[in-house]
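Okay, structure first, notes after.
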Amino acid sequence: MEQRNNVTEFVLLGLTQSLQGQKILFVMFLLIYIVTMVGNLLIVLTVVFSPTLDAPMYLFLGCLSFLDAVYSTTFSPNMMKNFLCEKKTISFQACMAQLFMEHLFGGAEILLLVVMAYDRYVAICKPLHYLTIMNQRVCILLLLLAWAGGFLHGVLHPLIVYNLPFCGPNIIDHFVCDMYPLLKLACIDTHIIALTVLANDGTICVVIFTLLLISYGVILHSLKNFSQEGRRKALSTCGSHITVVVFFFVPCIFLYVRCPSTLPTDKYLAVFYTIITPMLNPLIYTLRNGEVQNAMKKLWTKKKK
């Protein structure tokens, strides 16, 4: 414990050392964060207050938007603050909290995407039994399981790091506290621990991504029995889900399904699934979903009256 206390804070190098570049990135990420929060919170409010969006699919969509908002908030404000501050440090405790929240919300979102895929499977492949299978009790249970799974996944990471000895250096070449950069700074051989992280995070990413692709393959195969209008509507909904899944999982797989190491490109890839994807999700779902657009228009018209 004495040895670990030699490092009480970490220095985050961020995305660039250029002062001009930091100012440009601050403006860019501020705009992205505003769009992310407005877009996701708009969907949450639309789902909550619109009586027409009472299907389980929209309950899950609202939860996904809420997760995207809090997930982005885990990283963006601190990163933007560091763009403007000369001292770009984060305390050991804050680093552990950020590590926990990153994997809590990320893990919950991964499981929620599985729940949404299951919901689409039941809706398209078993339409006559949809309301029976996806009743309110089942939906709430699935959401609780997603959060519980995210919590277990999230708490594992700071537990691994917390008791490691950190005696210097304390510089992290990243904009966020993450597992591999932290393990690299520990004063002991962390090769076995890194392999454990790889087995955990890498396996989760690959297995769930594969299951999602298989589930959507089954759904798309079943569309041959649908009418042209039914096929178009189902493809529109599934297309949104598949796009979100690919945007989220491909960078994660590249980061975690390889020999445990840190590469200069890792932090730029992390920007994609921590900052960009939460911004794109509401755009993807609203642009491809007429019911969400109509519900938003009705709420806006009602508000103006």
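All residue names refer to the structure tokens as shown: chains lettered A, B, ... in order, residues numbered from 1 in each chain, ligands numbered from 1 in order.
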
Can you list, as a PDB file with C-alpha atoms, in the first residue's frame, every protein, DNA or RNA residue that comes within 12 Å of A:Val155 when you count only C-alpha atoms, leaving out same-chain residues fewer than 3 positions away?
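Result saved to part.pdb:
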```pdb
ATOM      1  CA  MET A  96     -10.497   4.410 -10.610  1.00  0.00           C
ATOM      2  CA  ALA A  97     -13.971   5.973 -10.716  1.00  0.00           C
ATOM      3  CA  GLN A  98     -13.585   6.768 -14.420  1.00  0.00           C
ATOM      4  CA  LEU A  99     -12.344   3.235 -15.106  1.00  0.00           C
ATOM      5  CA  PHE A 100     -15.376   1.814 -13.297  1.00  0.00           C
ATOM      6  CA  MET A 101     -17.902   4.044 -15.070  1.00  0.00           C
ATOM      7  CA  GLU A 102     -16.325   3.427 -18.478  1.00  0.00           C
ATOM      8  CA  HIS A 103     -16.830  -0.330 -18.163  1.00  0.00           C
ATOM      9  CA  LEU A 104     -20.125  -0.090 -16.244  1.00  0.00           C
ATOM     10  CA  PHE A 105     -21.860   1.950 -18.941  1.00  0.00           C
ATOM     11  CA  GLY A 107     -20.856  -3.220 -20.459  1.00  0.00           C
ATOM     12  CA  ALA A 148     -26.315  -5.923 -13.372  1.00  0.00           C
ATOM     13  CA  GLY A 149     -24.027  -7.360 -16.041  1.00  0.00           C
ATOM     14  CA  GLY A 150     -22.565  -3.908 -16.675  1.00  0.00           C
ATOM     15  CA  PHE A 151     -21.960  -3.442 -12.937  1.00  0.00           C
ATOM     16  CA  LEU A 152     -20.137  -6.770 -12.592  1.00  0.00           C
ATOM     17  CA  PRO A 158     -10.780  -1.086 -10.730  1.00  0.00           C
ATOM     18  CA  LEU A 159     -10.559  -4.088  -8.375  1.00  0.00           C
ATOM     19  CA  ILE A 160      -7.719  -5.440 -10.529  1.00  0.00           C
ATOM     20  CA  VAL A 161      -5.882  -2.109 -10.709  1.00  0.00           C
ATOM     21  CA  TYR A 162      -6.505  -0.725  -7.221  1.00  0.00           C
TER      22      TYR A 162
END
```

Which residues in stretch 51-282 of chain A does DSSP call strand (DSSP E)? List them as a count of residues only.
5

For A:Leu53, list every protein, DNA or RNA residue within 12 Å, evaluated using only C-alpha atoms, and leave out those in the same chain fewer than 2 positions away; present the list as a PyMOL selection string.
chain A and resi 43-51+55-62+289-296+298-299

Restricted to N, CA, C and O atoms, what would the selected residues look like written as a short mmCIF file (atom, residue, chain, number, x, y, z; two decimals), in the first residue's frame?
```
data_model
loop_
_atom_site.label_atom_id
_atom_site.label_comp_id
_atom_site.auth_asym_id
_atom_site.auth_seq_id
_atom_site.Cartn_x
_atom_site.Cartn_y
_atom_site.Cartn_z
N ILE A 43 -34.41 12.03 -27.49
CA ILE A 43 -35.01 10.70 -27.68
C ILE A 43 -35.59 10.19 -26.36
O ILE A 43 -36.71 9.65 -26.32
N VAL A 44 -34.85 10.37 -25.26
CA VAL A 44 -35.35 9.93 -23.94
C VAL A 44 -36.67 10.61 -23.62
O VAL A 44 -37.66 9.96 -23.22
N LEU A 45 -36.74 11.93 -23.80
CA LEU A 45 -37.96 12.69 -23.51
C LEU A 45 -39.10 12.29 -24.43
O LEU A 45 -40.26 12.20 -24.00
N THR A 46 -38.77 12.04 -25.70
CA THR A 46 -39.79 11.63 -26.67
C THR A 46 -40.39 10.29 -26.28
O THR A 46 -41.61 10.09 -26.31
N VAL A 47 -39.54 9.35 -25.90
CA VAL A 47 -40.01 8.01 -25.50
C VAL A 47 -40.84 8.10 -24.22
O VAL A 47 -41.88 7.43 -24.09
N VAL A 48 -40.41 8.93 -23.27
CA VAL A 48 -41.11 9.05 -21.98
C VAL A 48 -42.48 9.71 -22.15
O VAL A 48 -43.49 9.25 -21.57
N PHE A 49 -42.57 10.77 -22.96
CA PHE A 49 -43.79 11.57 -23.01
C PHE A 49 -44.69 11.28 -24.22
O PHE A 49 -45.80 11.80 -24.27
N SER A 50 -44.24 10.48 -25.17
CA SER A 50 -45.07 10.21 -26.34
C SER A 50 -45.89 8.93 -26.11
O SER A 50 -45.33 7.85 -25.93
N PRO A 51 -47.21 9.02 -26.14
CA PRO A 51 -48.06 7.83 -25.92
C PRO A 51 -47.98 6.83 -27.07
O PRO A 51 -48.34 5.66 -26.89
N ALA A 55 -44.16 0.72 -27.33
CA ALA A 55 -43.67 -0.63 -27.61
C ALA A 55 -42.34 -0.86 -26.88
O ALA A 55 -41.60 0.09 -26.62
N PRO A 56 -42.02 -2.12 -26.54
CA PRO A 56 -40.76 -2.42 -25.87
C PRO A 56 -39.54 -1.89 -26.62
O PRO A 56 -38.57 -1.45 -25.99
N MET A 57 -39.60 -1.91 -27.95
CA MET A 57 -38.47 -1.43 -28.75
C MET A 57 -38.09 0.00 -28.37
O MET A 57 -36.91 0.35 -28.28
N TYR A 58 -39.10 0.84 -28.13
CA TYR A 58 -38.83 2.24 -27.82
C TYR A 58 -38.40 2.43 -26.37
O TYR A 58 -37.65 3.36 -26.05
N LEU A 59 -38.85 1.55 -25.49
CA LEU A 59 -38.33 1.56 -24.12
C LEU A 59 -36.83 1.29 -24.13
O LEU A 59 -36.05 2.00 -23.49
N PHE A 60 -36.42 0.29 -24.91
CA PHE A 60 -35.00 -0.04 -25.01
C PHE A 60 -34.21 1.08 -25.70
O PHE A 60 -33.08 1.38 -25.32
N LEU A 61 -34.84 1.69 -26.71
CA LEU A 61 -34.18 2.80 -27.40
C LEU A 61 -33.96 3.98 -26.46
O LEU A 61 -32.89 4.61 -26.46
N GLY A 62 -34.96 4.27 -25.62
CA GLY A 62 -34.80 5.34 -24.64
C GLY A 62 -33.69 5.04 -23.64
O GLY A 62 -32.91 5.93 -23.29
N ASN A 289 -36.15 6.05 -38.57
CA ASN A 289 -37.38 5.60 -37.91
C ASN A 289 -38.45 6.67 -38.00
O ASN A 289 -38.39 7.69 -37.31
N GLY A 290 -39.43 6.44 -38.87
CA GLY A 290 -40.50 7.41 -39.08
C GLY A 290 -41.36 7.63 -37.85
O GLY A 290 -41.82 8.74 -37.60
N GLU A 291 -41.58 6.57 -37.05
CA GLU A 291 -42.42 6.70 -35.86
C GLU A 291 -41.80 7.64 -34.83
O GLU A 291 -42.49 8.44 -34.20
N VAL A 292 -40.48 7.54 -34.65
CA VAL A 292 -39.78 8.43 -33.72
C VAL A 292 -39.86 9.87 -34.23
O VAL A 292 -40.13 10.81 -33.46
N GLN A 293 -39.65 10.06 -35.53
CA GLN A 293 -39.74 11.41 -36.11
C GLN A 293 -41.13 12.00 -35.92
O GLN A 293 -41.26 13.17 -35.52
N ASN A 294 -42.17 11.21 -36.19
CA ASN A 294 -43.55 11.70 -36.04
C ASN A 294 -43.86 12.03 -34.59
O ASN A 294 -44.53 13.04 -34.31
N ALA A 295 -43.37 11.20 -33.66
CA ALA A 295 -43.62 11.45 -32.23
C ALA A 295 -42.94 12.74 -31.80
O ALA A 295 -43.52 13.53 -31.03
N MET A 296 -41.72 12.97 -32.30
CA MET A 296 -41.01 14.22 -31.98
C MET A 296 -41.77 15.43 -32.51
O MET A 296 -41.91 16.45 -31.82
N LYS A 298 -44.99 15.70 -33.13
CA LYS A 298 -46.22 15.89 -32.36
C LYS A 298 -45.94 16.55 -31.02
O LYS A 298 -46.66 17.45 -30.60
N LEU A 299 -44.89 16.10 -30.35
CA LEU A 299 -44.52 16.69 -29.07
C LEU A 299 -44.12 18.16 -29.23
O LEU A 299 -44.47 19.02 -28.42
#
```

Excluding stretch 251-257 of chain A and its own-chain neighbours fewer than 4 positions away, which residues fall within 9 Å of it when counting only C-alpha atoms? Please give them as a list in words.
Val197, Leu198, Ala199, Asp201, Gly202, Thr203, Cys205, Val206, Phe209, Val246, Phe247, Thr262, Asp266, Leu269, Ala270, Phe272 and Tyr273 of chain A

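Nearest residue to A:Val115, choosing from A:Leu41, A:Ile193, A:Ile208, A:Leu19 and counting only C-alpha atoms: A:Ile208.
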
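For the pair atom CA of A:Leu113 and atom CA of A:His241, the interatomic distance is 7.9 Å.
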
Secondary structure check, alpha helix (DSSP H) residues of stretch 75-153 of chain A, as a ChimeraX atom specification:
/A:75-84,92-125,130-133,136-153

Quick one: residues within 12 Å of A:Gly168, only C-alpha atoms, excluding same-chain residues fewer than 6 positions away - as JSON, numbers by chain?
{"A": [3, 4, 5, 6, 7, 8, 9, 10, 11, 182, 184, 185, 186, 187, 188]}

Output file for the selection above: N, CA, C and O atoms, as a short mmCIF file (atom, residue, chain, number, x, y, z; two decimals), in the first residue's frame:
```cif
data_model
loop_
_atom_site.label_atom_id
_atom_site.label_comp_id
_atom_site.auth_asym_id
_atom_site.auth_seq_id
_atom_site.Cartn_x
_atom_site.Cartn_y
_atom_site.Cartn_z
N GLN A 3 3.76 1.53 -1.28
CA GLN A 3 4.36 1.70 -2.61
C GLN A 3 3.36 2.32 -3.58
O GLN A 3 3.70 3.19 -4.36
N ARG A 4 2.12 1.88 -3.51
CA ARG A 4 1.12 2.41 -4.42
C ARG A 4 0.91 3.90 -4.20
O ARG A 4 0.67 4.66 -5.13
N ASN A 5 0.97 4.34 -2.93
CA ASN A 5 0.72 5.74 -2.60
C ASN A 5 1.81 6.68 -3.11
O ASN A 5 1.68 7.88 -2.98
N ASN A 6 2.90 6.14 -3.64
CA ASN A 6 3.91 6.98 -4.27
C ASN A 6 3.32 7.73 -5.47
O ASN A 6 3.79 8.79 -5.84
N VAL A 7 2.31 7.15 -6.08
CA VAL A 7 1.60 7.81 -7.19
C VAL A 7 0.19 8.12 -6.73
O VAL A 7 -0.63 7.22 -6.53
N THR A 8 -0.10 9.37 -6.52
CA THR A 8 -1.43 9.79 -6.07
C THR A 8 -2.26 10.40 -7.19
O THR A 8 -3.45 10.65 -7.02
N GLU A 9 -1.62 10.65 -8.34
CA GLU A 9 -2.32 11.19 -9.50
C GLU A 9 -1.62 10.76 -10.78
O GLU A 9 -0.45 10.38 -10.76
N PHE A 10 -2.35 10.83 -11.86
CA PHE A 10 -1.81 10.50 -13.18
C PHE A 10 -1.90 11.72 -14.09
O PHE A 10 -2.80 12.55 -13.93
N VAL A 11 -0.98 11.79 -15.04
CA VAL A 11 -0.99 12.85 -16.04
C VAL A 11 -1.52 12.26 -17.35
O VAL A 11 -0.97 11.28 -17.86
N LEU A 182 -2.79 1.73 -17.78
CA LEU A 182 -2.54 1.66 -16.35
C LEU A 182 -1.65 0.47 -15.99
O LEU A 182 -0.74 0.59 -15.16
N LYS A 184 0.53 -0.83 -17.79
CA LYS A 184 1.89 -0.52 -18.28
C LYS A 184 2.69 0.27 -17.24
O LYS A 184 3.92 0.18 -17.19
N LEU A 185 1.99 1.04 -16.37
CA LEU A 185 2.67 1.89 -15.38
C LEU A 185 2.94 1.17 -14.06
O LEU A 185 3.67 1.69 -13.22
N ALA A 186 2.35 0.01 -13.86
CA ALA A 186 2.53 -0.70 -12.58
C ALA A 186 3.98 -1.16 -12.43
O ALA A 186 4.69 -1.41 -13.41
N CYS A 187 4.42 -1.25 -11.17
CA CYS A 187 5.82 -1.59 -10.87
C CYS A 187 6.06 -3.09 -10.76
O CYS A 187 7.08 -3.52 -10.22
N ILE A 188 5.14 -3.90 -11.21
CA ILE A 188 5.32 -5.35 -11.22
C ILE A 188 5.01 -5.87 -12.63
O ILE A 188 4.48 -5.13 -13.46
#
```

Within 10 Å of stretch 79-84 of chain A: each stretch 94-193 of chain A residue with its shortest pair, only C-alpha atoms, as CSV:
```
residue,atom,partner,partner_atom,distance
A:His174,CA,A:Met79,CA,9.9
A:Phe175,CA,A:Met79,CA,6.2
A:Val176,CA,A:Met79,CA,7.6
```

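Residue nearest A:Phe92, chosen from A:Ser215, A:Ser222, A:Asn170, A:Ser65 and counting only C-alpha atoms: A:Asn170.
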
How many Å separate atom CA of A:Lys23 from atom CA of A:Phe66?
28.7 Å

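Going from atom CA of A:Pro264 to atom CA of A:Tyr180 covers 12.2 Å.
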
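Residue nearest A:Gly239 within the list A:Met279, A:Ile133, A:Ala117, A:Leu164: A:Ala117 [criterion: smallest interatomic distance, only C-alpha atoms].
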
Nearby residues (only C-alpha atoms) at most 12 Å from A:Thr277, same-chain spacing under 2 positions excluded, as an mmCIF file with N, CA, C and O atoms, in the first residue's frame:
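Ended up saving to result19.cif:
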```cif
data_model
loop_
_atom_site.group_PDB
_atom_site.id
_atom_site.type_symbol
_atom_site.label_atom_id
_atom_site.label_comp_id
_atom_site.auth_asym_id
_atom_site.auth_seq_id
_atom_site.Cartn_x
_atom_site.Cartn_y
_atom_site.Cartn_z
ATOM 1 N N ILE A 32 -19.541 18.293 -30.509
ATOM 2 C CA ILE A 32 -19.949 16.886 -30.519
ATOM 3 C C ILE A 32 -20.712 16.546 -29.240
ATOM 4 O O ILE A 32 -21.749 15.876 -29.268
ATOM 5 N N TYR A 33 -20.209 17.038 -28.108
ATOM 6 C CA TYR A 33 -20.848 16.741 -26.817
ATOM 7 C C TYR A 33 -22.240 17.367 -26.742
ATOM 8 O O TYR A 33 -23.191 16.731 -26.251
ATOM 9 N N VAL A 35 -24.232 18.086 -29.313
ATOM 10 C CA VAL A 35 -25.091 17.305 -30.211
ATOM 11 C C VAL A 35 -25.467 15.976 -29.559
ATOM 12 O O VAL A 35 -26.623 15.526 -29.641
ATOM 13 N N THR A 36 -24.491 15.341 -28.894
ATOM 14 C CA THR A 36 -24.730 14.054 -28.231
ATOM 15 C C THR A 36 -25.792 14.184 -27.151
ATOM 16 O O THR A 36 -26.749 13.397 -27.096
ATOM 17 N N ASN A 40 -29.567 12.631 -27.646
ATOM 18 C CA ASN A 40 -29.951 11.504 -26.799
ATOM 19 C C ASN A 40 -31.036 11.870 -25.803
ATOM 20 O O ASN A 40 -31.976 11.094 -25.579
ATOM 21 N N LEU A 64 -31.093 3.091 -24.242
ATOM 22 C CA LEU A 64 -29.829 3.201 -24.975
ATOM 23 C C LEU A 64 -29.389 4.653 -25.069
ATOM 24 O O LEU A 64 -28.206 4.970 -24.875
ATOM 25 N N SER A 65 -30.324 5.554 -25.335
ATOM 26 C CA SER A 65 -29.994 6.974 -25.429
ATOM 27 C C SER A 65 -29.538 7.522 -24.079
ATOM 28 O O SER A 65 -28.604 8.334 -24.015
ATOM 29 N N LEU A 67 -28.065 5.758 -21.735
ATOM 30 C CA LEU A 67 -26.726 5.205 -21.539
ATOM 31 C C LEU A 67 -25.684 5.966 -22.352
ATOM 32 O O LEU A 67 -24.588 6.250 -21.863
ATOM 33 N N ASP A 68 -26.033 6.307 -23.596
ATOM 34 C CA ASP A 68 -25.098 7.056 -24.444
ATOM 35 C C ASP A 68 -24.780 8.422 -23.843
ATOM 36 O O ASP A 68 -23.644 8.891 -23.894
ATOM 37 N N ALA A 69 -25.793 9.063 -23.260
ATOM 38 C CA ALA A 69 -25.588 10.382 -22.654
ATOM 39 C C ALA A 69 -24.638 10.302 -21.462
ATOM 40 O O ALA A 69 -23.700 11.096 -21.349
ATOM 41 N N TYR A 71 -22.590 7.777 -20.743
ATOM 42 C CA TYR A 71 -21.321 7.201 -21.190
ATOM 43 C C TYR A 71 -20.419 8.294 -21.750
ATOM 44 O O TYR A 71 -19.232 8.384 -21.413
ATOM 45 N N SER A 72 -20.984 9.167 -22.590
ATOM 46 C CA SER A 72 -20.212 10.272 -23.150
ATOM 47 C C SER A 72 -19.765 11.241 -22.061
ATOM 48 O O SER A 72 -18.644 11.776 -22.105
ATOM 49 N N GLY A 106 -20.315 0.980 -20.563
ATOM 50 C CA GLY A 106 -19.988 0.246 -21.788
ATOM 51 C C GLY A 106 -20.525 -1.172 -21.743
ATOM 52 O O GLY A 106 -21.111 -1.660 -22.723
ATOM 53 N N GLU A 109 -24.287 -1.151 -22.040
ATOM 54 C CA GLU A 109 -24.721 -0.857 -23.419
ATOM 55 C C GLU A 109 -24.572 -2.082 -24.317
ATOM 56 O O GLU A 109 -25.443 -2.363 -25.145
ATOM 57 N N THR A 243 -26.076 -1.039 -37.757
ATOM 58 C CA THR A 243 -25.132 0.075 -37.876
ATOM 59 C C THR A 243 -24.541 0.442 -36.525
ATOM 60 O O THR A 243 -23.324 0.619 -36.379
ATOM 61 N N VAL A 244 -25.409 0.544 -35.498
ATOM 62 C CA VAL A 244 -24.950 0.870 -34.141
ATOM 63 C C VAL A 244 -24.006 -0.210 -33.622
ATOM 64 O O VAL A 244 -22.955 0.092 -33.036
ATOM 65 N N VAL A 245 -24.366 -1.463 -33.839
ATOM 66 C CA VAL A 245 -23.538 -2.594 -33.377
ATOM 67 C C VAL A 245 -22.147 -2.549 -34.004
ATOM 68 O O VAL A 245 -21.131 -2.698 -33.316
ATOM 69 N N VAL A 246 -22.086 -2.316 -35.305
ATOM 70 C CA VAL A 246 -20.789 -2.276 -35.997
ATOM 71 C C VAL A 246 -19.940 -1.116 -35.501
ATOM 72 O O VAL A 246 -18.757 -1.270 -35.203
ATOM 73 N N PHE A 247 -20.546 0.078 -35.381
ATOM 74 C CA PHE A 247 -19.805 1.261 -34.919
ATOM 75 C C PHE A 247 -19.240 1.068 -33.518
ATOM 76 O O PHE A 247 -18.155 1.553 -33.197
ATOM 77 N N PHE A 248 -19.981 0.369 -32.667
ATOM 78 C CA PHE A 248 -19.551 0.196 -31.283
ATOM 79 C C PHE A 248 -18.520 -0.928 -31.150
ATOM 80 O O PHE A 248 -17.504 -0.782 -30.456
ATOM 81 N N PHE A 249 -18.760 -2.051 -31.828
ATOM 82 C CA PHE A 249 -17.952 -3.239 -31.569
ATOM 83 C C PHE A 249 -16.634 -3.289 -32.330
ATOM 84 O O PHE A 249 -15.640 -3.795 -31.798
ATOM 85 N N VAL A 250 -16.600 -2.805 -33.561
ATOM 86 C CA VAL A 250 -15.377 -2.950 -34.368
ATOM 87 C C VAL A 250 -14.164 -2.280 -33.701
ATOM 88 O O VAL A 250 -13.108 -2.910 -33.566
ATOM 89 N N PRO A 251 -14.259 -1.016 -33.229
ATOM 90 C CA PRO A 251 -13.109 -0.436 -32.520
ATOM 91 C C PRO A 251 -12.766 -1.193 -31.231
ATOM 92 O O PRO A 251 -11.589 -1.368 -30.898
ATOM 93 N N CYS A 252 -13.804 -1.644 -30.495
ATOM 94 C CA CYS A 252 -13.556 -2.390 -29.246
ATOM 95 C C CYS A 252 -12.796 -3.680 -29.521
ATOM 96 O O CYS A 252 -11.865 -4.036 -28.785
ATOM 97 N N LEU A 269 -8.772 5.450 -31.688
ATOM 98 C CA LEU A 269 -9.852 4.475 -31.851
ATOM 99 C C LEU A 269 -10.856 4.603 -30.708
ATOM 100 O O LEU A 269 -12.064 4.501 -30.910
ATOM 101 N N ALA A 270 -10.329 4.833 -29.494
ATOM 102 C CA ALA A 270 -11.202 4.974 -28.324
ATOM 103 C C ALA A 270 -12.135 6.167 -28.481
ATOM 104 O O ALA A 270 -13.269 6.136 -28.005
ATOM 105 N N VAL A 271 -11.673 7.227 -29.159
ATOM 106 C CA VAL A 271 -12.522 8.396 -29.411
ATOM 107 C C VAL A 271 -13.777 7.971 -30.161
ATOM 108 O O VAL A 271 -14.879 8.465 -29.896
ATOM 109 N N PHE A 272 -13.618 7.021 -31.059
ATOM 110 C CA PHE A 272 -14.735 6.629 -31.917
ATOM 111 C C PHE A 272 -15.866 6.009 -31.118
ATOM 112 O O PHE A 272 -17.022 6.402 -31.257
ATOM 113 N N TYR A 273 -15.548 5.030 -30.233
ATOM 114 C CA TYR A 273 -16.649 4.360 -29.540
ATOM 115 C C TYR A 273 -17.046 5.040 -28.226
ATOM 116 O O TYR A 273 -18.111 4.743 -27.679
ATOM 117 N N THR A 274 -16.214 5.957 -27.717
ATOM 118 C CA THR A 274 -16.583 6.660 -26.482
ATOM 119 C C THR A 274 -17.220 8.026 -26.752
ATOM 120 O O THR A 274 -18.033 8.490 -25.950
ATOM 121 N N ILE A 275 -16.860 8.671 -27.855
ATOM 122 C CA ILE A 275 -17.329 10.036 -28.133
ATOM 123 C C ILE A 275 -18.212 10.097 -29.382
ATOM 124 O O ILE A 275 -19.300 10.676 -29.360
ATOM 125 N N MET A 279 -22.830 10.015 -30.198
ATOM 126 C CA MET A 279 -23.423 11.113 -30.950
ATOM 127 C C MET A 279 -24.210 10.586 -32.156
ATOM 128 O O MET A 279 -25.278 11.111 -32.498
ATOM 129 N N LEU A 280 -23.681 9.531 -32.801
ATOM 130 C CA LEU A 280 -24.302 9.021 -34.016
ATOM 131 C C LEU A 280 -25.582 8.231 -33.749
ATOM 132 O O LEU A 280 -26.491 8.220 -34.579
ATOM 133 N N ASN A 281 -25.655 7.560 -32.584
ATOM 134 C CA ASN A 281 -26.795 6.689 -32.305
ATOM 135 C C ASN A 281 -28.147 7.387 -32.455
ATOM 136 O O ASN A 281 -29.034 6.874 -33.148
ATOM 137 N N PRO A 282 -28.367 8.563 -31.824
ATOM 138 C CA PRO A 282 -29.679 9.206 -32.006
ATOM 139 C C PRO A 282 -29.934 9.620 -33.454
ATOM 140 O O PRO A 282 -31.077 9.564 -33.924
ATOM 141 N N LEU A 283 -28.884 10.029 -34.174
ATOM 142 C CA LEU A 283 -29.056 10.397 -35.586
ATOM 143 C C LEU A 283 -29.454 9.177 -36.408
ATOM 144 O O LEU A 283 -30.350 9.238 -37.257
ATOM 145 N N ILE A 284 -28.795 8.042 -36.137
ATOM 146 C CA ILE A 284 -29.093 6.806 -36.874
ATOM 147 C C ILE A 284 -30.537 6.379 -36.639
ATOM 148 O O ILE A 284 -31.274 6.052 -37.574
#
```
